[in-house]
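Data file: protein_19.cif. Format and content: mmCIF, C-alpha atoms.
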data_input
#
loop_
_atom_site.label_atom_id
_atom_site.label_comp_id
_atom_site.auth_asym_id
_atom_site.auth_seq_id
_atom_site.Cartn_x
_atom_site.Cartn_y
_atom_site.Cartn_z
CA MET L 199 -19.31 -26.54 -29.35
CA PRO L 200 -20.91 -23.32 -30.60
CA VAL L 201 -24.07 -23.73 -32.63
CA GLY L 202 -25.64 -21.19 -34.94
CA ASN L 203 -24.78 -17.60 -34.27
CA ASP L 204 -21.11 -17.97 -33.32
CA PHE L 205 -20.16 -19.56 -36.63
CA MET L 206 -22.86 -17.64 -38.45
CA GLY L 207 -21.15 -14.47 -37.23
CA LEU L 208 -18.03 -15.57 -39.13
CA ALA L 209 -20.14 -16.21 -42.22
CA LEU L 210 -21.62 -12.72 -41.88
CA THR L 211 -18.09 -11.28 -41.69
CA GLU L 212 -17.30 -13.05 -44.97
CA ALA L 213 -20.52 -11.66 -46.47
CA GLU L 214 -19.57 -8.12 -45.43
CA ALA L 215 -16.13 -8.56 -47.00
CA ALA L 216 -17.79 -9.77 -50.21
CA ALA L 217 -19.99 -6.65 -50.28
CA ALA L 218 -16.91 -4.45 -49.80
CA ARG L 219 -15.46 -6.10 -52.94
CA GLY L 220 -18.66 -5.37 -54.87
CA GLU L 221 -19.85 -8.97 -54.70
CA VAL L 222 -23.30 -10.10 -53.59
CA PRO L 223 -22.89 -10.32 -49.77
CA ILE L 224 -23.02 -14.03 -49.04
CA GLY L 225 -20.60 -15.80 -46.73
CA ALA L 226 -19.99 -19.41 -45.77
CA VAL L 227 -18.03 -21.26 -43.09
CA VAL L 228 -17.19 -24.99 -42.89
CA VAL L 229 -16.82 -26.37 -39.37
CA ILE L 230 -15.70 -29.85 -38.31
CA ASP L 231 -15.58 -30.88 -34.65
CA GLY L 232 -16.05 -27.27 -33.57
CA THR L 233 -13.09 -26.02 -35.64
CA VAL L 234 -13.39 -23.69 -38.62
CA ILE L 235 -11.81 -25.51 -41.55
CA ALA L 236 -12.60 -22.98 -44.29
CA SER L 237 -14.52 -19.79 -44.94
CA ALA L 238 -15.30 -17.72 -48.00
CA GLY L 239 -17.46 -15.01 -49.46
CA ASN L 240 -18.83 -14.71 -52.97
CA ARG L 241 -16.21 -14.00 -55.65
CA THR L 242 -18.12 -14.52 -58.90
CA ARG L 243 -17.22 -11.11 -60.35
CA GLU L 244 -13.63 -11.08 -59.11
CA MET L 245 -12.93 -14.55 -60.51
CA ALA L 246 -15.22 -14.18 -63.57
CA ASP L 247 -16.63 -17.53 -62.49
CA PRO L 248 -20.36 -18.19 -62.09
CA THR L 249 -19.58 -21.09 -59.73
CA ALA L 250 -17.55 -18.96 -57.29
CA HIS L 251 -20.36 -18.85 -54.73
CA ALA L 252 -19.34 -18.63 -51.08
CA GLU L 253 -20.47 -22.20 -50.37
CA ILE L 254 -18.55 -23.68 -53.31
CA LEU L 255 -15.36 -21.80 -52.43
CA ALA L 256 -15.56 -22.81 -48.76
CA LEU L 257 -16.24 -26.46 -49.66
CA ARG L 258 -13.33 -26.48 -52.14
CA GLU L 259 -10.96 -25.07 -49.54
CA ALA L 260 -12.11 -27.53 -46.85
CA CYS L 261 -11.72 -30.48 -49.23
CA ARG L 262 -8.27 -29.27 -50.28
CA LYS L 263 -7.16 -28.92 -46.66
CA LEU L 264 -8.45 -32.37 -45.75
CA GLY L 265 -7.32 -34.02 -48.98
CA SER L 266 -10.75 -35.51 -49.63
CA GLU L 267 -13.79 -34.86 -51.81
CA ARG L 268 -16.02 -35.76 -48.85
CA LEU L 269 -16.58 -33.79 -45.65
CA PRO L 270 -18.30 -36.24 -43.27
CA GLY L 271 -19.21 -34.59 -39.99
CA ALA L 272 -18.94 -31.10 -41.51
CA HIS L 273 -21.35 -28.33 -40.64
CA LEU L 274 -21.80 -25.54 -43.18
CA TYR L 275 -22.99 -22.09 -42.10
CA VAL L 276 -24.14 -19.80 -44.91
CA THR L 277 -25.89 -16.45 -44.80
CA LEU L 278 -28.42 -17.20 -47.57
CA GLU L 279 -30.34 -20.33 -48.53
CA PRO L 280 -28.11 -22.15 -51.03
CA CYS L 281 -29.07 -22.24 -54.70
CA ALA L 282 -29.55 -25.57 -56.47
CA MET L 283 -25.90 -25.68 -57.60
CA CYS L 284 -24.64 -25.16 -54.07
CA ALA L 285 -27.21 -27.55 -52.60
CA ALA L 286 -25.90 -30.23 -54.96
CA ALA L 287 -22.28 -29.54 -53.99
CA ILE L 288 -23.23 -29.72 -50.30
CA SER L 289 -24.86 -33.09 -50.96
CA PHE L 290 -21.93 -34.43 -53.00
CA ALA L 291 -19.50 -33.36 -50.24
CA ARG L 292 -21.63 -35.28 -47.72
CA VAL L 293 -21.96 -32.29 -45.38
CA GLU L 294 -23.73 -33.43 -42.22
CA ARG L 295 -25.55 -30.21 -41.30
CA LEU L 296 -26.48 -27.04 -43.16
CA TYR L 297 -27.34 -23.87 -41.24
CA TYR L 298 -28.49 -20.89 -43.25
CA GLY L 299 -29.63 -17.36 -42.48
CA ALA L 300 -32.09 -15.76 -44.88
CA ALA L 301 -34.49 -17.71 -47.07
CA ASP L 302 -34.25 -17.17 -50.84
CA PRO L 303 -37.72 -17.60 -52.38
CA LYS L 304 -36.42 -16.62 -55.84
CA GLY L 305 -33.16 -18.54 -56.10
CA GLY L 306 -33.05 -20.98 -53.22
CA GLY L 307 -32.68 -24.67 -53.89
CA VAL L 308 -33.20 -26.12 -50.41
CA ASP L 309 -36.55 -24.98 -49.03
CA HIS L 310 -37.64 -23.09 -52.17
CA GLY L 311 -37.43 -23.65 -55.91
CA GLY L 312 -36.35 -27.15 -56.90
CA ARG L 313 -35.85 -28.33 -53.29
CA PHE L 314 -32.82 -30.37 -54.26
CA TYR L 315 -32.78 -32.54 -51.14
CA ASP L 316 -36.39 -33.63 -51.65
CA GLN L 317 -35.65 -35.13 -55.07
CA PRO L 318 -35.46 -38.93 -55.37
CA THR L 319 -32.13 -38.59 -57.19
CA CYS L 320 -30.52 -36.91 -54.17
CA HIS L 321 -28.28 -39.47 -52.47
CA HIS L 322 -27.36 -37.45 -49.40
CA ARG L 323 -29.47 -34.91 -47.52
CA PRO L 324 -27.84 -32.88 -44.76
CA ASP L 325 -29.82 -31.91 -41.70
CA VAL L 326 -31.08 -28.42 -42.56
CA TYR L 327 -31.62 -25.59 -40.07
CA SER L 328 -32.78 -22.16 -41.23
CA GLY L 329 -33.23 -18.72 -39.74
CA PHE L 330 -29.83 -18.25 -38.07
CA SER L 331 -29.07 -14.50 -38.01
CA GLU L 332 -31.84 -14.22 -40.57
CA SER L 333 -32.52 -10.49 -40.05
CA ARG L 334 -28.87 -9.48 -40.33
CA SER L 335 -28.33 -11.70 -43.38
CA ALA L 336 -31.40 -10.30 -45.13
CA GLU L 337 -30.48 -6.71 -44.26
CA LEU L 338 -27.01 -7.11 -45.78
CA LEU L 339 -28.62 -8.22 -49.03
CA ARG L 340 -31.30 -5.48 -48.98
CA SER L 341 -28.71 -2.76 -48.35
CA PHE L 342 -26.39 -4.08 -51.05
CA PHE L 343 -29.08 -4.18 -53.74
CA SER L 344 -30.60 -0.87 -52.62
CA GLU L 345 -27.21 0.81 -53.10
CA LYS L 346 -26.78 -0.87 -56.51
CA ARG L 347 -30.19 0.41 -57.66
CA SER L 348 -29.40 3.96 -56.55
CA ASP L 349 -26.08 4.06 -58.44
#

Kindly present the structure from the file in structure tokens form.
Amino acid sequence: MPVGNDFMGLALTEAEAAAARGEVPIGAVVVIDGTVIASAGNRTREMADPTAHAEILALREACRKLGSERLPGAHLYVTLEPCAMCAAAISFARVERLYYGAADPKGGGVDHGGRFYDQPTCHHRPDVYSGFSESRSAELLRSFFSEKRSD
């Protein structure tokens, strides 16, 4: 079963597609037993929905496909450290493992900010692995925001 960069490559493809749509370039992929169940990129602007983060959309699709609000055994690959909202959704879905690319010191909710999984009220903490395709993930974000500032 591929670990890290193979599935992270799919998440990066979703992030690139999000950037092409004018969205912040973040992508996510849900994998169960080595099979991609769902993938998504940010669509907050397109859907006029502040919750339409890549992670939320991918989790929703995976749950819909499986007919369950829980995703036991699921691995989530995302290009940026999830925010607190997404960290909570990952916990509520009972995702087994979270792999993320770039750290987010300003908006992250896993290893930065509120550190959702370290709170005593958190009932499920996935195994967390960071730094997968970190440089490429960070560069996508830098390029996107650099272009936005120059417009």

On this file, the PyMOL selection byres ((chain L and resi 239-242) around 10) gives some set of residues; write that set as an NGL selection string. :L and (209-217 or 219-227 or 237-238 or 243-256 or 276-277)

re CA of Pro318 (chain L) and CA of Ala291 (chain L): distance 17.7 Å

Leu278 (chain L): which residues within 12 Å, counting all atoms listed in the file, same-chain residues fewer than 2 positions away excluded, as JSON, numbers by chain? {"L": [206, 209, 210, 213, 222, 223, 224, 225, 226, 239, 240, 251, 252, 253, 274, 275, 276, 280, 281, 284, 285, 296, 297, 298, 299, 300, 301, 302, 303, 304, 305, 306, 307, 308, 309, 310, 327, 328, 329, 330, 331, 332, 333, 334, 335, 336, 337, 338, 339]}

Around the point (-28.9, -32.6, -47.0) in the file's coordinates, collect all residues with an atom within 6 Å, using only C-alpha atoms, and return them as a list in words.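 Protein and nucleic acid residues near the point are Ser289, Tyr315, His322, Arg323, Pro324 and Asp325 of chain L.
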
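CA of Asp316 (chain L) is positioned 28.5 Å from CA of Asp204 (chain L).
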
With all atoms listed in the file as the atoms that count, which of L:Phe314, L:Glu294, L:Ile288, L:Phe343 lies nearest to Ala272 (chain L)?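 Nearest candidate to Ala272 (chain L) out of L:Phe314, L:Glu294, L:Ile288, L:Phe343: L:Glu294.
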
Within 10 Å of region 230-235 of chain L using only C-alpha atoms, minus same-chain residues under 5 positions, as a JSON list (two decimals) with C-alpha atoms, in the frame of the given file:
[["chain", "number", "residue", "atom", "x", "y", "z"],
["L", 199, "MET", "CA", -19.31, -26.54, -29.35],
["L", 200, "PRO", "CA", -20.91, -23.32, -30.60],
["L", 201, "VAL", "CA", -24.07, -23.73, -32.63],
["L", 205, "PHE", "CA", -20.16, -19.56, -36.63],
["L", 208, "LEU", "CA", -18.03, -15.57, -39.13],
["L", 256, "ALA", "CA", -15.56, -22.81, -48.76],
["L", 257, "LEU", "CA", -16.24, -26.46, -49.66],
["L", 259, "GLU", "CA", -10.96, -25.07, -49.54],
["L", 260, "ALA", "CA", -12.11, -27.53, -46.85],
["L", 261, "CYS", "CA", -11.72, -30.48, -49.23],
["L", 263, "LYS", "CA", -7.16, -28.92, -46.66],
["L", 264, "LEU", "CA", -8.45, -32.37, -45.75],
["L", 269, "LEU", "CA", -16.58, -33.79, -45.65],
["L", 270, "PRO", "CA", -18.30, -36.24, -43.27],
["L", 271, "GLY", "CA", -19.21, -34.59, -39.99],
["L", 272, "ALA", "CA", -18.94, -31.10, -41.51],
["L", 273, "HIS", "CA", -21.35, -28.33, -40.64],
["L", 274, "LEU", "CA", -21.80, -25.54, -43.18],
["L", 293, "VAL", "CA", -21.96, -32.29, -45.38],
["L", 294, "GLU", "CA", -23.73, -33.43, -42.22]]

Could you add N, CA, C and O atoms to region 271-292 of chain L and give me the result as a PDB file, in the frame of the given file?
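What landed in result_9.pdb:
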ATOM      1  N   GLY L 271     -19.245 -35.279 -41.280  1.00  0.00           N
ATOM      2  CA  GLY L 271     -19.210 -34.590 -39.990  1.00  0.00           C
ATOM      3  C   GLY L 271     -19.133 -33.077 -40.103  1.00  0.00           C
ATOM      4  O   GLY L 271     -19.142 -32.383 -39.094  1.00  0.00           O
ATOM      5  N   ALA L 272     -19.058 -32.554 -41.324  1.00  0.00           N
ATOM      6  CA  ALA L 272     -18.940 -31.100 -41.510  1.00  0.00           C
ATOM      7  C   ALA L 272     -20.281 -30.417 -41.313  1.00  0.00           C
ATOM      8  O   ALA L 272     -21.332 -30.950 -41.642  1.00  0.00           O
ATOM      9  N   HIS L 273     -20.198 -29.220 -40.764  1.00  0.00           N
ATOM     10  CA  HIS L 273     -21.350 -28.330 -40.640  1.00  0.00           C
ATOM     11  C   HIS L 273     -21.032 -27.107 -41.488  1.00  0.00           C
ATOM     12  O   HIS L 273     -19.939 -26.546 -41.381  1.00  0.00           O
ATOM     13  N   LEU L 274     -21.983 -26.709 -42.328  1.00  0.00           N
ATOM     14  CA  LEU L 274     -21.800 -25.540 -43.180  1.00  0.00           C
ATOM     15  C   LEU L 274     -22.757 -24.451 -42.738  1.00  0.00           C
ATOM     16  O   LEU L 274     -23.961 -24.684 -42.624  1.00  0.00           O
ATOM     17  N   TYR L 275     -22.214 -23.275 -42.481  1.00  0.00           N
ATOM     18  CA  TYR L 275     -22.990 -22.090 -42.100  1.00  0.00           C
ATOM     19  C   TYR L 275     -22.926 -21.132 -43.273  1.00  0.00           C
ATOM     20  O   TYR L 275     -21.841 -20.777 -43.738  1.00  0.00           O
ATOM     21  N   VAL L 276     -24.088 -20.711 -43.769  1.00  0.00           N
ATOM     22  CA  VAL L 276     -24.140 -19.800 -44.910  1.00  0.00           C
ATOM     23  C   VAL L 276     -25.231 -18.764 -44.665  1.00  0.00           C
ATOM     24  O   VAL L 276     -26.254 -19.069 -44.067  1.00  0.00           O
ATOM     25  N   THR L 277     -24.993 -17.558 -45.120  1.00  0.00           N
ATOM     26  CA  THR L 277     -25.890 -16.450 -44.800  1.00  0.00           C
ATOM     27  C   THR L 277     -27.181 -16.447 -45.604  1.00  0.00           C
ATOM     28  O   THR L 277     -28.149 -15.814 -45.205  1.00  0.00           O
ATOM     29  N   LEU L 278     -27.220 -17.150 -46.731  1.00  0.00           N
ATOM     30  CA  LEU L 278     -28.420 -17.200 -47.570  1.00  0.00           C
ATOM     31  C   LEU L 278     -28.687 -18.646 -47.964  1.00  0.00           C
ATOM     32  O   LEU L 278     -27.749 -19.416 -48.191  1.00  0.00           O
ATOM     33  N   GLU L 279     -29.955 -18.989 -48.069  1.00  0.00           N
ATOM     34  CA  GLU L 279     -30.340 -20.330 -48.530  1.00  0.00           C
ATOM     35  C   GLU L 279     -29.569 -20.665 -49.809  1.00  0.00           C
ATOM     36  O   GLU L 279     -29.597 -19.898 -50.772  1.00  0.00           O
ATOM     37  N   PRO L 280     -28.874 -21.781 -49.838  1.00  0.00           N
ATOM     38  CA  PRO L 280     -28.110 -22.150 -51.030  1.00  0.00           C
ATOM     39  C   PRO L 280     -28.977 -22.345 -52.268  1.00  0.00           C
ATOM     40  O   PRO L 280     -30.109 -22.824 -52.176  1.00  0.00           O
ATOM     41  N   CYS L 281     -28.416 -21.993 -53.418  1.00  0.00           N
ATOM     42  CA  CYS L 281     -29.070 -22.240 -54.700  1.00  0.00           C
ATOM     43  C   CYS L 281     -28.965 -23.737 -55.013  1.00  0.00           C
ATOM     44  O   CYS L 281     -28.314 -24.495 -54.291  1.00  0.00           O
ATOM     45  N   ALA L 282     -29.565 -24.150 -56.107  1.00  0.00           N
ATOM     46  CA  ALA L 282     -29.550 -25.570 -56.470  1.00  0.00           C
ATOM     47  C   ALA L 282     -28.128 -26.081 -56.713  1.00  0.00           C
ATOM     48  O   ALA L 282     -27.792 -27.199 -56.308  1.00  0.00           O
ATOM     49  N   MET L 283     -27.277 -25.269 -57.345  1.00  0.00           N
ATOM     50  CA  MET L 283     -25.900 -25.680 -57.600  1.00  0.00           C
ATOM     51  C   MET L 283     -25.165 -25.939 -56.288  1.00  0.00           C
ATOM     52  O   MET L 283     -24.507 -26.964 -56.115  1.00  0.00           O
ATOM     53  N   CYS L 284     -25.315 -25.015 -55.353  1.00  0.00           N
ATOM     54  CA  CYS L 284     -24.640 -25.160 -54.070  1.00  0.00           C
ATOM     55  C   CYS L 284     -25.243 -26.285 -53.241  1.00  0.00           C
ATOM     56  O   CYS L 284     -24.516 -27.023 -52.571  1.00  0.00           O
ATOM     57  N   ALA L 285     -26.560 -26.444 -53.313  1.00  0.00           N
ATOM     58  CA  ALA L 285     -27.210 -27.550 -52.600  1.00  0.00           C
ATOM     59  C   ALA L 285     -26.657 -28.879 -53.094  1.00  0.00           C
ATOM     60  O   ALA L 285     -26.386 -29.791 -52.302  1.00  0.00           O
ATOM     61  N   ALA L 286     -26.460 -29.003 -54.407  1.00  0.00           N
ATOM     62  CA  ALA L 286     -25.900 -30.230 -54.960  1.00  0.00           C
ATOM     63  C   ALA L 286     -24.474 -30.447 -54.466  1.00  0.00           C
ATOM     64  O   ALA L 286     -24.115 -31.558 -54.052  1.00  0.00           O
ATOM     65  N   ALA L 287     -23.653 -29.404 -54.466  1.00  0.00           N
ATOM     66  CA  ALA L 287     -22.280 -29.540 -53.990  1.00  0.00           C
ATOM     67  C   ALA L 287     -22.242 -29.944 -52.514  1.00  0.00           C
ATOM     68  O   ALA L 287     -21.419 -30.774 -52.112  1.00  0.00           O
ATOM     69  N   ILE L 288     -23.132 -29.374 -51.725  1.00  0.00           N
ATOM     70  CA  ILE L 288     -23.230 -29.720 -50.300  1.00  0.00           C
ATOM     71  C   ILE L 288     -23.569 -31.198 -50.153  1.00  0.00           C
ATOM     72  O   ILE L 288     -22.982 -31.916 -49.339  1.00  0.00           O
ATOM     73  N   SER L 289     -24.485 -31.676 -50.968  1.00  0.00           N
ATOM     74  CA  SER L 289     -24.860 -33.090 -50.960  1.00  0.00           C
ATOM     75  C   SER L 289     -23.688 -33.972 -51.385  1.00  0.00           C
ATOM     76  O   SER L 289     -23.372 -34.961 -50.717  1.00  0.00           O
ATOM     77  N   PHE L 290     -23.038 -33.625 -52.493  1.00  0.00           N
ATOM     78  CA  PHE L 290     -21.930 -34.430 -53.000  1.00  0.00           C
ATOM     79  C   PHE L 290     -20.769 -34.480 -52.009  1.00  0.00           C
ATOM     80  O   PHE L 290     -20.066 -35.483 -51.931  1.00  0.00           O
ATOM     81  N   ALA L 291     -20.576 -33.402 -51.241  1.00  0.00           N
ATOM     82  CA  ALA L 291     -19.500 -33.360 -50.240  1.00  0.00           C
ATOM     83  C   ALA L 291     -19.885 -34.112 -48.962  1.00  0.00           C
ATOM     84  O   ALA L 291     -19.066 -34.279 -48.075  1.00  0.00           O
ATOM     85  N   ARG L 292     -21.124 -34.546 -48.878  1.00  0.00           N
ATOM     86  CA  ARG L 292     -21.630 -35.280 -47.720  1.00  0.00           C
ATOM     87  C   ARG L 292     -21.574 -34.460 -46.425  1.00  0.00           C
ATOM     88  O   ARG L 292     -21.280 -34.965 -45.347  1.00  0.00           O
TER      89      ARG L 292
END
